[in-house]
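Text of the file model_6.cif, holding mmCIF, C-alpha atoms:
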```cif
data_input
loop_
_atom_site.label_atom_id
_atom_site.label_comp_id
_atom_site.auth_asym_id
_atom_site.auth_seq_id
_atom_site.Cartn_x
_atom_site.Cartn_y
_atom_site.Cartn_z
CA MET A 81 113.74 64.29 81.74
CA ALA A 82 114.13 68.07 81.99
CA SER A 83 112.01 68.61 78.90
CA THR A 84 109.28 66.38 80.38
CA ASP A 85 109.25 68.45 83.60
CA ALA A 86 109.05 71.65 81.58
CA GLN A 87 106.09 70.30 79.61
CA ASN A 88 104.33 69.29 82.83
CA HIS A 89 104.94 72.73 84.30
CA LYS A 90 103.60 74.38 81.18
CA SER A 91 100.48 72.27 81.27
CA ARG A 92 99.81 73.48 84.80
CA ASP A 93 99.81 77.11 83.73
CA PRO A 94 97.23 77.26 80.91
CA SER A 95 96.49 80.57 79.24
CA GLY A 96 93.75 82.49 80.99
CA PHE A 97 94.36 81.13 84.48
CA LEU A 98 96.35 82.86 87.19
CA PRO A 99 99.60 81.31 88.44
CA GLY A 100 99.08 79.45 91.68
CA ALA A 101 95.42 78.70 90.98
CA PRO A 102 94.21 75.06 91.06
CA ASP A 103 94.28 73.12 87.80
CA PRO A 104 91.04 73.75 85.91
CA ASP A 105 88.78 70.84 85.15
CA PRO A 106 89.31 69.74 81.53
CA SER A 107 85.61 70.18 80.86
CA PHE A 108 85.61 73.72 82.27
CA HIS A 109 84.68 76.38 79.73
CA VAL A 110 85.15 80.07 80.46
CA SER A 111 82.06 81.95 79.33
CA SER A 112 80.41 85.26 79.98
CA PHE A 113 78.11 83.60 82.55
CA ILE A 114 79.67 82.74 85.89
CA PRO A 115 77.45 81.64 88.82
CA ARG A 116 77.23 84.27 91.53
CA ASN A 117 78.31 81.82 94.21
CA GLN A 118 81.61 80.98 92.50
CA LEU A 119 84.27 82.41 94.77
CA TRP A 120 88.00 82.73 94.35
CA GLN A 121 90.79 82.78 96.87
CA PRO A 122 94.19 82.21 95.27
CA ASP A 123 96.88 80.01 96.76
CA LEU A 124 98.99 82.42 98.77
CA PRO A 125 102.61 81.86 99.75
CA PRO A 126 103.15 80.62 103.32
CA PRO A 127 103.70 83.25 106.03
CA GLY A 128 107.24 84.56 106.07
CA SER A 129 107.98 83.57 102.47
CA LEU A 130 107.42 87.05 101.07
CA PRO A 131 110.41 89.40 100.92
CA PRO A 132 110.49 92.23 103.50
CA THR A 133 109.61 94.80 100.82
CA ALA A 134 106.36 93.00 100.03
CA ASN A 135 104.65 93.94 103.28
CA LEU A 136 101.13 94.04 101.87
CA PRO A 137 98.08 95.09 103.92
CA PRO A 138 96.17 91.99 105.08
CA GLY A 139 93.65 90.86 102.50
CA LEU A 140 95.10 92.87 99.61
CA GLU A 141 97.36 90.04 98.45
CA TYR A 142 94.67 89.06 95.94
CA LEU A 143 94.94 92.43 94.20
CA SER A 144 98.66 91.98 93.55
CA GLN A 145 97.86 89.39 90.86
CA LEU A 146 95.21 91.33 88.97
CA ASP A 147 95.30 93.70 86.01
CA LEU A 148 91.51 93.65 85.57
CA ILE A 149 89.05 94.14 88.42
CA ILE A 150 85.35 93.74 87.63
CA ILE A 151 82.74 95.43 89.82
CA HIS A 152 79.14 94.30 89.52
CA GLN A 153 76.40 96.13 91.38
CA GLN A 154 73.70 93.84 92.71
CA VAL A 155 70.13 94.62 91.70
CA GLU A 156 67.87 95.61 94.59
CA LEU A 157 64.50 94.22 93.56
CA LEU A 158 62.56 96.06 96.28
CA GLY A 159 64.10 99.40 95.38
CA MET A 160 63.46 98.76 91.68
CA ILE A 161 59.77 98.04 92.32
CA LEU A 162 59.16 100.86 94.80
CA GLY A 163 61.44 103.38 93.10
CA THR A 164 63.42 103.98 96.27
CA ASP A 165 67.14 104.13 96.92
CA THR A 166 68.50 101.24 98.98
CA SER A 167 72.03 100.67 100.20
CA ASN A 168 74.32 99.72 97.35
CA LYS A 169 75.96 96.30 97.24
CA TYR A 170 78.76 95.30 94.89
CA GLU A 171 80.54 92.10 93.94
CA ILE A 172 84.22 92.59 93.12
CA LYS A 173 85.53 89.90 90.77
CA ASN A 174 88.61 88.83 88.86
CA SER A 175 88.80 88.49 85.08
CA LEU A 176 87.22 85.03 85.25
CA GLY A 177 84.14 86.37 87.00
CA GLN A 178 85.06 84.80 90.34
CA ARG A 179 84.24 86.89 93.39
CA ILE A 180 87.17 88.06 95.50
CA TYR A 181 85.48 90.77 97.59
CA PHE A 182 82.00 91.95 98.51
CA ALA A 183 81.19 95.61 99.26
CA VAL A 184 78.21 96.89 101.23
CA GLU A 185 77.19 100.52 101.66
CA GLU A 186 76.39 101.69 105.18
CA SER A 187 74.18 104.79 105.18
CA ILE A 188 70.95 105.97 106.76
CA CYS A 189 67.64 106.17 104.91
CA PHE A 190 67.41 109.94 105.45
CA ASN A 191 70.67 110.55 103.59
CA ARG A 192 69.72 108.24 100.73
CA THR A 193 66.34 109.93 100.36
CA PHE A 194 67.20 113.61 100.74
CA CYS A 195 70.90 113.76 99.83
CA SER A 196 70.57 111.15 97.08
CA THR A 197 73.84 110.67 95.16
CA LEU A 198 75.68 113.25 97.32
CA ARG A 199 75.03 111.31 100.53
CA SER A 200 77.69 110.51 103.06
CA CYS A 201 78.29 106.82 103.55
CA THR A 202 80.80 104.12 104.36
CA LEU A 203 81.50 101.13 102.14
CA SER A 204 82.82 98.04 103.88
CA ILE A 205 84.70 95.62 101.64
CA THR A 206 85.12 92.06 102.89
CA ASP A 207 86.91 89.06 101.45
CA ASN A 208 85.28 85.66 100.96
CA SER A 209 85.95 84.68 104.57
CA GLY A 210 83.97 87.70 105.80
CA ARG A 211 87.02 89.64 106.97
CA GLU A 212 86.81 93.39 106.33
CA VAL A 213 89.92 94.36 104.36
CA ILE A 214 89.07 97.82 102.97
CA THR A 215 86.91 100.66 104.29
CA VAL A 216 85.86 103.53 102.04
CA ASN A 217 84.61 106.66 103.80
CA ARG A 218 82.65 109.27 101.87
CA PRO A 219 81.69 112.55 103.59
CA LEU A 220 78.87 114.82 102.45
CA ARG A 221 80.34 117.23 99.90
CA CYS A 222 79.42 119.36 96.88
CA ASN A 223 79.41 118.28 93.25
CA SER A 224 79.29 121.17 90.82
CA CYS A 225 81.56 122.36 88.03
CA TRP A 226 80.62 125.93 89.04
CA CYS A 227 81.80 125.49 92.63
CA PRO A 228 85.55 124.79 92.91
CA CYS A 229 85.53 124.29 96.67
CA TYR A 230 84.53 121.43 98.96
CA LEU A 231 84.38 118.93 96.11
CA GLN A 232 83.97 115.17 96.39
CA GLU A 233 86.50 113.12 98.33
CA LEU A 234 86.92 109.55 99.54
CA GLU A 235 89.18 108.18 102.26
CA ILE A 236 90.57 104.67 101.77
CA GLU A 237 91.56 102.50 104.73
CA ALA A 238 93.36 99.16 104.34
CA PRO A 239 93.13 97.51 106.75
CA PRO A 240 90.28 99.40 108.48
CA GLY A 241 91.77 102.07 110.70
CA THR A 242 94.87 102.62 108.55
CA VAL A 243 94.53 105.34 105.90
CA VAL A 244 96.39 104.42 102.72
CA GLY A 245 95.00 106.93 100.24
CA TYR A 246 92.36 109.32 99.02
CA VAL A 247 90.32 110.00 95.91
CA ALA A 248 89.79 113.74 95.41
CA GLN A 249 87.70 115.48 92.78
CA LYS A 250 89.59 118.22 90.92
CA TRP A 251 87.78 121.27 89.60
CA ASP A 252 87.49 121.52 85.83
CA PRO A 253 84.82 123.43 83.85
CA LEU A 254 84.64 120.81 81.05
CA LEU A 255 85.79 117.35 82.12
CA PRO A 256 85.31 115.25 85.26
CA LYS A 257 88.72 114.94 86.89
CA PHE A 258 89.93 113.18 90.00
CA ALA A 259 93.25 112.54 91.71
CA ILE A 260 94.40 109.34 93.36
CA GLN A 261 96.39 110.43 96.40
CA ASN A 262 98.63 108.68 98.90
CA ALA A 263 98.17 108.78 102.67
CA ASN A 264 99.81 112.25 102.76
CA LYS A 265 97.30 113.58 100.20
CA GLU A 266 99.96 113.86 97.50
CA ASP A 267 98.71 113.27 93.96
CA ILE A 268 100.10 110.10 92.37
CA LEU A 269 97.65 109.50 89.50
CA LYS A 270 94.87 111.34 87.69
CA ILE A 271 91.49 110.11 86.43
CA VAL A 272 90.02 112.00 83.48
CA GLY A 273 86.53 111.30 82.18
CA PRO A 274 84.68 112.30 79.02
CA CYS A 275 82.63 115.47 78.75
CA ALA A 276 79.47 113.34 78.33
CA THR A 277 79.00 110.47 80.77
CA CYS A 278 75.47 109.39 79.90
CA GLY A 279 76.62 106.20 78.14
CA CYS A 280 73.26 105.72 76.44
CA PHE A 281 74.44 103.16 73.90
CA GLY A 282 78.03 102.26 74.77
CA ASP A 283 80.75 102.01 77.39
CA VAL A 284 81.99 105.11 79.21
CA ASP A 285 85.74 105.23 79.82
CA PHE A 286 87.56 107.24 82.49
CA GLU A 287 91.26 107.22 81.68
CA VAL A 288 93.86 106.73 84.39
CA LYS A 289 96.81 109.01 83.67
CA THR A 290 100.08 110.14 85.12
CA ILE A 291 100.09 113.37 87.12
CA ASN A 292 100.94 115.51 84.06
CA GLU A 293 98.14 113.72 82.13
CA LYS A 294 100.51 112.91 79.24
CA LEU A 295 100.54 109.13 79.64
CA THR A 296 97.54 106.82 80.04
CA ILE A 297 98.27 103.74 82.17
CA GLY A 298 94.77 102.30 82.56
CA LYS A 299 91.08 103.07 82.64
CA ILE A 300 87.86 102.64 84.58
CA SER A 301 85.06 101.59 82.24
CA LYS A 302 81.34 101.68 82.89
CA TYR A 303 80.07 98.85 80.74
CA TRP A 304 76.93 99.24 78.64
CA SER A 305 74.45 96.63 79.87
CA GLY A 306 71.52 97.20 77.53
CA PHE A 307 68.66 99.66 77.33
CA VAL A 308 66.32 97.81 79.71
CA ASN A 309 68.94 97.37 82.45
CA ASN A 310 70.18 100.96 82.17
CA VAL A 311 66.71 102.52 82.34
CA PHE A 312 64.81 100.27 84.72
CA THR A 313 67.46 99.15 87.21
CA ASN A 314 70.29 100.76 89.13
CA ALA A 315 72.66 97.85 88.48
CA ASP A 316 75.94 99.03 86.98
CA ASN A 317 78.95 97.06 85.83
CA PHE A 318 82.49 98.43 85.81
CA GLY A 319 85.93 97.25 84.80
CA ILE A 320 89.15 98.62 86.26
CA HIS A 321 92.10 98.09 83.90
CA VAL A 322 95.46 98.74 85.59
CA PRO A 323 99.02 97.42 85.36
CA ALA A 324 99.37 94.17 87.30
CA ASP A 325 102.42 95.53 89.18
CA LEU A 326 100.60 98.65 90.42
CA ASP A 327 100.78 99.06 94.19
CA VAL A 328 97.90 97.23 95.88
CA THR A 329 96.96 100.29 97.94
CA VAL A 330 96.57 102.26 94.72
CA LYS A 331 94.38 99.46 93.33
CA ALA A 332 92.28 99.70 96.49
CA ALA A 333 91.94 103.45 95.89
CA MET A 334 90.91 102.71 92.29
CA ILE A 335 88.10 100.50 93.61
CA GLY A 336 86.99 103.41 95.80
CA ALA A 337 87.18 105.74 92.80
CA CYS A 338 84.92 103.38 90.88
CA PHE A 339 82.31 103.58 93.64
CA LEU A 340 82.53 107.38 93.60
CA LEU A 341 82.03 107.48 89.81
CA ASP A 342 78.99 105.25 90.19
CA PHE A 343 77.47 107.55 92.82
CA MET A 344 78.18 110.73 90.88
CA PHE A 345 77.37 109.79 87.29
CA PHE A 346 75.51 106.51 86.99
CA GLU A 347 73.31 105.92 90.01
CA HIS A 348 69.62 106.19 89.23
CA SER A 349 66.37 104.38 89.85
CA LEU A 350 62.73 104.51 88.82
CA ALA A 351 62.30 107.39 91.27
CA GLY A 352 64.40 109.54 88.99
CA LEU A 353 62.52 108.84 85.76
#
```
Just give me the structure of the file as structure tokens.
Amino acid sequence: MASTDAQNHKSRDPSGFLPGAPDPDPSFHVSSFIPRNQLWQPDLPPPGSLPPTANLPPGLEYLSQLDLIIIHQQVELLGMILGTDTSNKYEIKNSLGQRIYFAVEESICFNRTFCSTLRSCTLSITDNSGREVITVNRPLRCNSCWCPCYLQELEIEAPPGTVVGYVAQKWDPLLPKFAIQNANKEDILKIVGPCATCGCFGDVDFEVKTINEKLTIGKISKYWSGFVNNVFTNADNFGIHVPADLDVTVKAAMIGACFLLDFMFFEHSLAGL
């Protein structure tokens, strides 16, 4: 009897599906194409069942189960045709391509036109119920390897109104470097990119390292999406690879860091050709 129960339990946890998720349909086939309207909200434990130490910010429970976060920028057809910069929109997905969050940039047309990729903006990240769970604030700052002051910085709030971390650019004459910081602006992780970030014919990897930069624990990858997409659209795809047990507020900061990397190194449109 015990062996039968164990087999039944094993059959309910097939490889490739997250624990607690509904049983997949037997005919379901995981492929590289997932419909945009396929959403995911995992079965969460009932209120009060989590231990006191697991006091997660509301809405970040989903991140606690993930070691791969996929970020897909939506193509703005009007901006692509007119060669203008429109507000960025991103789908944030799990490893199965199911959407868990949606991010929308809030900025004014003047900043997008004249400040371009250096513009100040706010990114509001909502879950599939429409609840805002993360706010990313980006002030107007410099971006130059020759100017070591007033470099790029993001403020991460989760939930909105509660600062949980920062992403700060670190000056380096050769490599793009950033620090993931806690709410007290203390460095907890480093992000180190390659000296060339063009990514003309392949992925571009930014390694996530410990503070002393001796150990790599993850990476943020800008995926190569083909010549036509890279040249004629501003749609970028990223993957954030991190340990599954990494603090959810740090994962939220990693999502913010991914947005910052997109703004600084990969955002372009027909206006820039």
Neighbouring residues of segment 275-292 of chain A were defined as those with any atom within 6 Å, considering all atoms listed in the file; residues of the same chain fewer than 3 positions away were excluded. Please report them as a ChimeraX atom specification. /A:255,269-272,295-304
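Atom pair atom CA of Asn223 of chain A / atom CA of Phe343 of chain A has a distance of 10.9 Å (rounded to one decimal).
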Which residues come within 8 Å of Gly336 of chain A, counting all atoms listed in the file, excluding same-chain residues fewer than 2 positions away, as number ranges by chain? A: 216, 234, 236, 247, 332-334, 338-340
Write a file of the selected residues as a PDB file, in the coordinates of the input, keeping C-alpha atoms.
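out-v6.pdb, freshly written:
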```pdb
ATOM      1  CA  VAL A 216      85.860 103.530 102.040  1.00  0.00           C
ATOM      2  CA  LEU A 234      86.920 109.550  99.540  1.00  0.00           C
ATOM      3  CA  ILE A 236      90.570 104.670 101.770  1.00  0.00           C
ATOM      4  CA  VAL A 247      90.320 110.000  95.910  1.00  0.00           C
ATOM      5  CA  ALA A 332      92.280  99.700  96.490  1.00  0.00           C
ATOM      6  CA  ALA A 333      91.940 103.450  95.890  1.00  0.00           C
ATOM      7  CA  MET A 334      90.910 102.710  92.290  1.00  0.00           C
ATOM      8  CA  CYS A 338      84.920 103.380  90.880  1.00  0.00           C
ATOM      9  CA  PHE A 339      82.310 103.580  93.640  1.00  0.00           C
ATOM     10  CA  LEU A 340      82.530 107.380  93.600  1.00  0.00           C
TER      11      LEU A 340
END
```
Mind giving me the straight-line distance from atom CA of Cys201 of chain A to atom CA of Asn168 of chain A in Å, one decimal? 10.2 Å
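Counting only C-alpha atoms, the residue from A:Asn208, A:Thr197, A:Ser167, A:Gln154 that sits nearest to Ile180 of chain A is A:Asn208.
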What would the selection look like, as a ChimeraX atom specification, if the PyMOL selection byres ((chain A and resi 200) around 6) were run on the coordinates I just shared? /A:199,201,218-220
Can you list, as a PDB file with C-alpha atoms, in the frame of the given file, the residues that the PyMOL selection byres ((chain A and resi 209) around 10) selects here?
```
ATOM      1  CA  GLN A 121      90.790  82.780  96.870  1.00  0.00           C
ATOM      2  CA  ILE A 180      87.170  88.060  95.500  1.00  0.00           C
ATOM      3  CA  TYR A 181      85.480  90.770  97.590  1.00  0.00           C
ATOM      4  CA  THR A 206      85.120  92.060 102.890  1.00  0.00           C
ATOM      5  CA  ASP A 207      86.910  89.060 101.450  1.00  0.00           C
ATOM      6  CA  ASN A 208      85.280  85.660 100.960  1.00  0.00           C
ATOM      7  CA  GLY A 210      83.970  87.700 105.800  1.00  0.00           C
ATOM      8  CA  ARG A 211      87.020  89.640 106.970  1.00  0.00           C
ATOM      9  CA  GLU A 212      86.810  93.390 106.330  1.00  0.00           C
TER      10      GLU A 212
END
```
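Rounded to one decimal, atom CA of Leu231 of chain A and atom CA of Thr202 of chain A lie 17.3 Å from each other.
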